[in-house]
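Below is one structure, written out as structure tokens; the observations come after it.
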Amino acid sequence: MLYFFILGDVLGAGVYVLVGQVAAKSGGAVWVPLLLALLLSLLTAASYAELATKYPRAGGASHYATLAYGPFVGFLAGFCMLAAGIVSVAALARGFAGDYLSSFVSLPVVLVAAVFLCALALLNARGISESTRANVAATVVEVGGLLLVAGLGGWLLLRGDGDPGRLVQLGTPDTGAATGILGGTVLAYYSFVGFETSVNVAEETRDPRRSYPRALFGALATAGAVYVLVGIVASAAVPTSTLARSSGPLLEVVKEAGGVPPKLFSAVALVAVANGALLTGIMSSRLAYGMARDGLLPRFLTRVLPGRRTPWASIAATTALAFLLALTGDVATLASTLVLLLLVVFFLVNTAALVQRRDRPSSPHFRAFTAVPVLGAGSCVLLATQVEAGVWTRGLIVIAVGVGLSAVAAVQRRGRERSAT
């Protein structure tokens with residue numbers, strides 16, 4: 001069950017909307033950045049597995065950073081997670097308004113994003129049980145859609161269409177091979193995020209020392225295999241320039257292959273994008289509520305609906321911020337911003353795994369080879385150097401806000417401690 005929980009979090013909307021953007025940076029060998037992103041994700045996943053089995057309690061990156069570096073850095077990690085979630089919802093709102101929706105109707109992006117985000121907020125506010133049931137059904141649909149693309153692409157190649165030679169075209173004339181692959185990896189990394197939230201349920205599993213790492217690595221490997229397969233068939237079936245121009249790249253594969261109505265697949269893709277945004281919206285609103293309850297964000301965000309007890313204020317605030325962000329950049333820019341924020345979090349987690357080696361609990365836990373978190377931290381630095389300057393500007397503004405709020409929280413915490421003594 002834990003394996004499917006993690007797989008459902010990882011498999012989803014990213015690959016539906018970003019394969020074309022990856023192709024624009026890396027060239028026809030789309031599968032290479034997808035594979036590289038998987039390998040880099042596994043490095044950080046190993047650090048999460050070590051810390052989650054060593055400290056099997058909810059809290060995630062913020063808890064681990066607090067243990068290693070203190071509450072100031074712990075708050076910053078939690079804030080970056082919150083900001084990344086809001087940026088992700090904004091990116092998916094833009095993705096929903098792209099070519100998949102255009103198969104049915106052409107509407108302004110601003111209007112679509114507003115209606116889409118309001119609908120998600122209402123479902124989120126209705127309750128977690130309703131949202132979870134919607135997620136289960138949507139996950140089945142989105143996985144089926146990816147397998148359908150893989151099957152159609154394979155059939156297209158078997159009948160002699162497409163161009164397998166594109167699979168070895170590394171880089172573009174503007175970027176070169178190495179720069180293009182690393183730039184594509186930054187975007188491909190977005191497709192693998194989600195595994196980090198699974199640490200919050202590690203304590204609810206039997207024998208987390210054994211079950212959590214196996215479920216985590218197994219789910220990531222499965223998702224990676226599906227993504228690489230989809231990347232291979234998409235690149236071989238559709239010209240790279242066509243993929244790069246499309247905001248619904250997998251729809252191009254369906255059109256080239258034939259046999260499946262494009263509108264049917266567009267509906268599947270829209271379900272996948274909406275499901276990804278719903279899951280991330282739930283996480284973001286609950287994280288904002290929890291931070292406000294702990295006095296780290298304005299108390300207003302702790303307000304809940306009288307009957308359903310859902311945090312309507314946090315839902316409204318995170319939805320409004322996501323809408324504003326959706327107006328400020330395209331899908332690729334927003335996805336890169338999310339990756340940058342998560343790279344900060346993952347760097348802290350990887351280094352925290354090393355720092356906490358000084359703590360030796362009596363109970364056994366998963367332990368990665370020392371080189372793994374070192375390489376994980378290094379991979380975060382490497383990918384951060386490939387993020388564009390404009391994205392860095394956005395990310396630094398968000399991080400600066402987090403540092404400011406963390407400083408305010410530290411002052412308030414010291415004041416409470418003095419009052420208690």
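Residue numbers start at 1 in each chain; chains themselves are named A, B, ... in the order of the structure tokens; ligands are numbered from 1 in the order shown.
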
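Backbone DSSP assigns alpha helix (DSSP H) in stretch 222-253 of chain A to Thr222, Ala223, Gly224, Ala225, Val226, Tyr227, Val228, Leu229, Val230, Gly231, Ile232, Val233, Ala234, Ser235, Ala236, Ala237, Thr240, Ser241, Thr242, Leu243, Ala244, Arg245, Pro249, Leu250, Leu251, Glu252 and Val253 of chain A.
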
Closest atom pairs, residues of stretch 45-78 of chain A within 9 Å of stretch 354-360 of chain A, only C-alpha atoms, as a tab-separated table:
residue	atom	partner	partner_atom	distance
A:Ser47	CA	A:Leu354	CA	8.7
A:Leu51	CA	A:Gln356	CA	8.5
A:Lys54	CA	A:Arg360	CA	9.0
A:Tyr64	CA	A:Gln356	CA	8.7
A:Leu67	CA	A:Gln356	CA	7.7
A:Ala68	CA	A:Val355	CA	6.1
A:Tyr69	CA	A:Val355	CA	8.7

Please identify every residue of stretch 120-168 of chain A that has at least one atom no farther than 8 Å from an atom of stretch 311-335 of chain A, counting only C-alpha atoms, and for each give the shortest atom pair and the distance in Å to one decimal, arranged by chain then increasing number, as JSON lines.
{"residue": "A:Ala121", "atom": "CA", "partner": "A:Ile315", "partner_atom": "CA", "distance": 6.3}
{"residue": "A:Asn124", "atom": "CA", "partner": "A:Ile315", "partner_atom": "CA", "distance": 7.4}
{"residue": "A:Ala125", "atom": "CA", "partner": "A:Trp312", "partner_atom": "CA", "distance": 6.0}

(request) For each of A:Gly184, A:Gly144, A:Pro262, A:Gly378, take the minimum atom-to-atom distance to A:Phe104, counting only C-alpha atoms, then give the residue where this is smallest. (result) A:Pro262

Stretch 7-67 of chain A near stretch 263-275 of chain A within 12 Å: what's each residue's closest atom pair and its distance in Å to one decimal, counting only C-alpha atoms, ordered by chain then ascending residue number, as a Markdown table?
| residue | atom | partner | partner_atom | distance |
| --- | --- | --- | --- | --- |
| A:Gly8 | CA | A:Asn275 | CA | 10.0 |
| A:Asp9 | CA | A:Asn275 | CA | 9.8 |
| A:Val10 | CA | A:Asn275 | CA | 11.6 |
| A:Leu11 | CA | A:Ala272 | CA | 9.2 |
| A:Gly12 | CA | A:Ala272 | CA | 5.9 |
| A:Ala13 | CA | A:Val273 | CA | 4.6 |
| A:Gly14 | CA | A:Val273 | CA | 7.8 |
| A:Val15 | CA | A:Val273 | CA | 9.7 |
| A:Tyr16 | CA | A:Ala269 | CA | 6.6 |
| A:Val17 | CA | A:Val273 | CA | 8.3 |
| A:Leu18 | CA | A:Val273 | CA | 11.4 |

Write a file of the selected residues as a compact mmCIF listing (two decimals), in the first residue's frame, keeping N, CA, C and O atoms.
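Result file part-v1.txt:
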# COMPACT_ATOMS: atom_id res chain seq x y z
N GLY A 8 1.51 6.86 -6.64
CA GLY A 8 0.44 7.79 -7.00
C GLY A 8 0.87 9.23 -6.86
O GLY A 8 0.42 10.10 -7.62
N ASP A 9 1.74 9.51 -5.88
CA ASP A 9 2.23 10.88 -5.69
C ASP A 9 3.21 11.28 -6.79
O ASP A 9 3.24 12.44 -7.21
N VAL A 10 4.03 10.35 -7.24
CA VAL A 10 5.08 10.68 -8.20
C VAL A 10 4.54 10.67 -9.63
O VAL A 10 4.74 11.63 -10.39
N LEU A 11 3.88 9.57 -10.03
CA LEU A 11 3.32 9.50 -11.37
C LEU A 11 2.23 10.54 -11.52
O LEU A 11 1.35 10.64 -10.68
N GLY A 12 2.27 11.30 -12.58
CA GLY A 12 1.18 12.25 -12.71
C GLY A 12 1.41 13.33 -13.72
O GLY A 12 1.95 13.11 -14.81
N ALA A 13 1.04 14.54 -13.31
CA ALA A 13 0.83 15.62 -14.26
C ALA A 13 2.10 16.12 -14.92
O ALA A 13 2.06 16.58 -16.07
N GLY A 14 3.24 16.06 -14.24
CA GLY A 14 4.45 16.66 -14.78
C GLY A 14 4.80 16.20 -16.17
O GLY A 14 5.07 17.00 -17.07
N VAL A 15 4.80 14.90 -16.38
CA VAL A 15 5.21 14.36 -17.67
C VAL A 15 4.18 14.69 -18.75
O VAL A 15 4.53 14.79 -19.94
N TYR A 16 2.93 14.88 -18.39
CA TYR A 16 1.90 15.22 -19.36
C TYR A 16 2.14 16.59 -20.00
O TYR A 16 1.77 16.82 -21.16
N VAL A 17 2.73 17.52 -19.25
CA VAL A 17 2.85 18.88 -19.76
C VAL A 17 4.29 19.30 -20.04
O VAL A 17 4.52 20.30 -20.72
N LEU A 18 5.30 18.55 -19.55
CA LEU A 18 6.67 19.04 -19.62
C LEU A 18 7.58 18.30 -20.60
O LEU A 18 8.72 18.72 -20.81

(request) Tell me which protein, DNA and RNA residues are within 12 Å of A:Gly290, counting only C-alpha atoms, leaving out same-chain ones fewer than 2 positions away, and put them as a PyMOL selection string. (result) chain A and resi 58-59+75+78-79+82+283-288+292-303+311+314

(message) Using only C-alpha atoms, which protein or nucleic acid residues come within 8 Å of stretch 235-247 of chain A? Drop anything in the same chain fewer than 6 positions from it, and give the result as a ChimeraX atom specification.
(response) /A:17-24,27-30,95,98-100,153,156-157,161-167,253,256-257

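Remark: for A:Ser88, the closest of the candidate residues A:Ala407, A:Ala223, A:Ala277, A:Leu382 is A:Ala277 (distances computed over only C-alpha atoms).
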
(message) Between A:Ile6, A:Ala119, A:Val374, A:Val230, which residue has the minimum interatomic distance to A:Leu34, considering only C-alpha atoms?
(response) A:Val230

(request) Name the residues in contact with A:Pro213 at a cut-off of 12 Å, using only C-alpha atoms, excluding same-chain residues fewer than 4 positions from it; report them as a ChimeraX atom specification. (result) /A:2-3,6,42,45-54,195,198-199,202,205,207-209,217-221,365-368

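Between atom CA of A:Ala384 and atom CA of A:Gly74 there is a distance of 20.5 Å.
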